[in-house]
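*Asks:* Before anything else, here's the structure in question.
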Amino acid sequence: MKNKQLEIACFNLESAVIAQQNGANRVELCADIRSGGTTPDFEIVKAVRVALTIDLYVMIRPRGGDFVCTDAEFQQMKKAIESFKKIKVDGFVFGILKEDGSVNTEQNSALVALAQPYSCTFHRAFDVVKNREESLEAIIACGFTTILTSGQQKDVVEGIAVLSELVQKANSRIVVMPGGGLRSTNIALLKEKTGAHFYHSSAIIDQSETANGTEISALKNELGVVQNAI
């Protein structure tokens, strides 16, 4: 069995370095914590890429608010992916919906194709889709490798039943990554109840925008190390 993995959502270079130093497996880099994350500045991504040896995924989201894209915003997203590919990030995080709350398969598929050979995570736009089973299948069909979700609730603890259901329905075709209010105090419960492989947290425990190293270490400790069977 593989070890459980931890991704830390970071909003600055300092957090990314703290994440790496304290055992995170991957960083998701974003801007604008108040809106839930938007596309970060190119120069900041460049600096983080130089600082990290662990995987770096970059949020591609032109603005906060809903997840429906205008043509201009879609072009903006394409340009951002093309730019970040040049500095060899490891993956991208985005998610586009239609006005009716379904997955925009055309736009998402185009961005996943553009991102190749890098992997893509469908972010918490999933938490507002109208039909989660149809959306799960659509996201898999688009070529995403991961879905970041709180189980369509305000946090992962409230969404634990849905998260468990999603992990089962995904059946290893895509990684279902619990995120949203995930902390060292509840990650063991999530691990037990969902059986998920990858977990996502900002590890911010105060009013700052900086990850807490002790919290990251605690998250990793709670995940534990799965030993290979002899």
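Chain lettering (A, B, ...) mirrors the order of the structure tokens, residue numbering begins at 1 for each chain separately, and ligand numbering begins at 1 in order of display.
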Quick one: pick out all strand (DSSP E or B) residues within range 183-224 of chain A from a backbone DSSP run and write them as a list in words.
*Replies:* Phe198, Tyr199, His200 and Ser201 of chain A
*Asks:* For all heavy atoms, I'd like the residues from the last selection saved as a tab-separated table (two decimals), in the first residue's frame.
*Replies:*
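Contents of part22.tsv, as written:
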```tsv
chain	number	residue	atom	x	y	z
A	198	PHE	N	-5.18	10.93	-0.43
A	198	PHE	CA	-4.55	12.26	-0.43
A	198	PHE	C	-5.43	13.22	0.35
A	198	PHE	O	-6.65	13.20	0.22
A	198	PHE	CB	-4.40	12.76	-1.87
A	198	PHE	CG	-3.05	13.32	-2.19
A	198	PHE	CD1	-2.24	12.74	-3.15
A	198	PHE	CD2	-2.57	14.47	-1.55
A	198	PHE	CE1	-0.98	13.25	-3.46
A	198	PHE	CE2	-1.33	15.00	-1.85
A	198	PHE	CZ	-0.53	14.39	-2.80
A	199	TYR	N	-4.81	14.09	1.17
A	199	TYR	CA	-5.54	15.03	2.01
A	199	TYR	C	-5.00	16.45	1.81
A	199	TYR	O	-3.82	16.63	1.51
A	199	TYR	CB	-5.43	14.62	3.49
A	199	TYR	CG	-6.08	13.28	3.76
A	199	TYR	CD1	-5.40	12.09	3.49
A	199	TYR	CD2	-7.37	13.21	4.24
A	199	TYR	CE1	-6.01	10.86	3.70
A	199	TYR	CE2	-7.99	11.98	4.47
A	199	TYR	CZ	-7.30	10.81	4.18
A	199	TYR	OH	-7.91	9.60	4.38
A	200	HIS	N	-5.88	17.45	2.00
A	200	HIS	CA	-5.56	18.84	1.67
A	200	HIS	C	-5.90	19.76	2.83
A	200	HIS	O	-7.01	19.70	3.38
A	200	HIS	CB	-6.38	19.23	0.43
A	200	HIS	CG	-6.33	20.68	0.06
A	200	HIS	ND1	-5.55	21.16	-0.97
A	200	HIS	CD2	-7.01	21.76	0.54
A	200	HIS	CE1	-5.74	22.46	-1.09
A	200	HIS	NE2	-6.61	22.86	-0.18
A	201	SER	N	-4.95	20.60	3.22
A	201	SER	CA	-5.18	21.57	4.31
A	201	SER	C	-4.33	22.81	4.07
A	201	SER	O	-3.26	22.74	3.48
A	201	SER	CB	-4.80	20.94	5.65
A	201	SER	OG	-4.92	21.87	6.71
```
*Asks:* Please provide the set of residues having any atom within 8 Å of Ala115 in chain A, restricted to only C-alpha atoms, with same-chain residues fewer than 4 positions apart removed, written as a PyMOL selection string.
*Replies:* chain A and resi 81-82+85+91-92+111+119-120
*Asks:* Keeping only N, CA and C atoms, write the selected residues as a compact mmCIF listing (two decimals), in the first residue's frame.
*Replies:*
```
# COMPACT_ATOMS: atom_id res chain seq x y z
N ILE A 81 -1.82 28.77 -17.89
CA ILE A 81 -1.29 27.41 -17.95
C ILE A 81 -0.06 27.35 -18.84
N GLU A 82 -0.13 27.99 -20.00
CA GLU A 82 1.01 28.00 -20.92
C GLU A 82 2.24 28.63 -20.27
N LYS A 85 3.66 26.32 -17.43
CA LYS A 85 4.31 25.11 -17.98
C LYS A 85 5.78 25.38 -18.29
N GLY A 91 1.64 20.55 -11.77
CA GLY A 91 0.23 20.32 -12.02
C GLY A 91 -0.57 21.60 -11.85
N PHE A 92 -1.85 21.49 -12.19
CA PHE A 92 -2.74 22.65 -12.16
C PHE A 92 -4.03 22.32 -11.44
N LEU A 111 -8.61 22.54 -21.23
CA LEU A 111 -7.53 22.95 -20.32
C LEU A 111 -6.70 21.76 -19.87
N SER A 119 -0.49 16.96 -14.51
CA SER A 119 -1.78 16.52 -13.97
C SER A 119 -2.64 17.70 -13.55
N CYS A 120 -3.96 17.45 -13.47
CA CYS A 120 -4.89 18.50 -13.10
C CYS A 120 -5.85 18.04 -12.00
```
*Asks:* Could you jot down the CA of Lys169 in chain A to CA of Thr194 in chain A separation for me, Å, one decimal place?
*Replies:*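 Separation between CA of Lys169 in chain A and CA of Thr194 in chain A: 11.6 Å.
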*Asks:* For Gln21 in chain A, which residue out of A:Lys88, A:Ala218, A:Gly195, A:Gly213 is the nearest one, using only C-alpha atoms?
*Replies:*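 Residue with the minimum atom-to-atom distance to Gln21 in chain A: A:Gly213.
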*Asks:* Could you name the residues that touch range 36-45 of chain A at 10 Å or less, counting only C-alpha atoms, but leaving out those on the same chain fewer than 3 positions away, as a PyMOL selection string?
*Replies:* chain A and resi 9-13+28-33+48-51+56-65+77+80-81+83-84+87+89+93-94+124
*Asks:* Restricting the calculation to only C-alpha atoms, which member of A:His197, A:Lys191, A:Arg183, A:Arg132 is positioned closest to Thr146 in chain A?
*Replies:*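 For Thr146 in chain A, the nearest of the given residues is A:His197.
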*Asks:* Here is a test: counting only C-alpha atoms, which residue of A:Leu189, A:Ile54, A:Val129, A:Ile96 is nearest to Ile18 in chain A?
*Replies:* A:Ile54
*Asks:* Which residues come within 12 Å of Lys4 in chain A, counting only C-alpha atoms, excluding same-chain residues fewer than 3 positions away, as a list in words?
*Replies:*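 Residues near the query, excluding close chain neighbours: Met1, Glu7, Gly23, Ala24, Asn25, Arg26, Val175, Met177, Ile187, Ala188, Leu190, Lys191, Glu192, Gly195, Ala196, His197, Phe198, Tyr199, His200, Leu219, Lys220, Asn221, Glu222, Leu223, Gly224, Val225, Val226 and Gln227 of chain A.
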*Asks:* Excluding Ser135 in chain A and any residue of its chain fewer than 3 positions from it, enumerate the residues within 10 Å of it, using only C-alpha atoms, and give them as JSON, numbers by chain.
*Replies:* {"A": [97, 101, 102, 103, 104, 105, 126, 129, 130, 131, 132, 138, 139, 140, 141]}
*Asks:* Excluding Ala161 in chain A and residues on its chain fewer than 5 positions from it, collect all residues at most 9 Å away from it, counting only C-alpha atoms, and give them as a PyMOL selection string.
*Replies:* chain A and resi 151+166+193-194
*Asks:* Print the selection's residues with N, CA and C atoms to a file, as an mmCIF file, in the first residue's frame.
*Replies:*
```
data_model
loop_
_atom_site.group_PDB
_atom_site.id
_atom_site.type_symbol
_atom_site.label_atom_id
_atom_site.label_comp_id
_atom_site.auth_asym_id
_atom_site.auth_seq_id
_atom_site.Cartn_x
_atom_site.Cartn_y
_atom_site.Cartn_z
ATOM 1 N N GLY A 151 -16.905 17.394 0.364
ATOM 2 C CA GLY A 151 -18.109 16.564 0.412
ATOM 3 C C GLY A 151 -19.374 17.400 0.319
ATOM 4 N N LEU A 166 -17.991 9.151 -2.314
ATOM 5 C CA LEU A 166 -17.242 9.538 -3.522
ATOM 6 C C LEU A 166 -16.000 8.665 -3.723
ATOM 7 N N LYS A 193 -12.826 7.026 8.159
ATOM 8 C CA LYS A 193 -14.173 6.931 7.590
ATOM 9 C C LYS A 193 -14.203 6.967 6.057
ATOM 10 N N THR A 194 -13.209 7.615 5.436
ATOM 11 C CA THR A 194 -13.270 7.776 3.966
ATOM 12 C C THR A 194 -12.344 6.832 3.218
#
```
*Asks:* Please list as a PyMOL selection string every residue within 7 Å of Pro178 in chain A, counting only C-alpha atoms and excluding residues in the same chain fewer than 3 positions away.
*Replies:* chain A and resi 148-150+156+163+199-200
*Asks:* Mind writing the picked residues with C-alpha atoms as a PDB file, in the first residue's frame?
*Replies:*
```
ATOM      1  CA  LEU A 148     -10.600  18.430  -4.152  1.00  0.00           C
ATOM      2  CA  THR A 149     -13.826  18.502  -2.148  1.00  0.00           C
ATOM      3  CA  SER A 150     -15.315  18.978   1.301  1.00  0.00           C
ATOM      4  CA  VAL A 156     -14.864  17.861   5.639  1.00  0.00           C
ATOM      5  CA  LEU A 163     -16.597  11.924   0.883  1.00  0.00           C
ATOM      6  CA  TYR A 199      -5.541  15.034   2.011  1.00  0.00           C
ATOM      7  CA  HIS A 200      -5.556  18.841   1.667  1.00  0.00           C
TER       8      HIS A 200
END
```
*Asks:* Between A:Lys78, A:Ser109, A:Val27, A:Ile147, which one has atoms that come closest to Val167 in chain A, using only C-alpha atoms?
*Replies:*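 Of all the options, A:Ile147 lies closest to Val167 in chain A.
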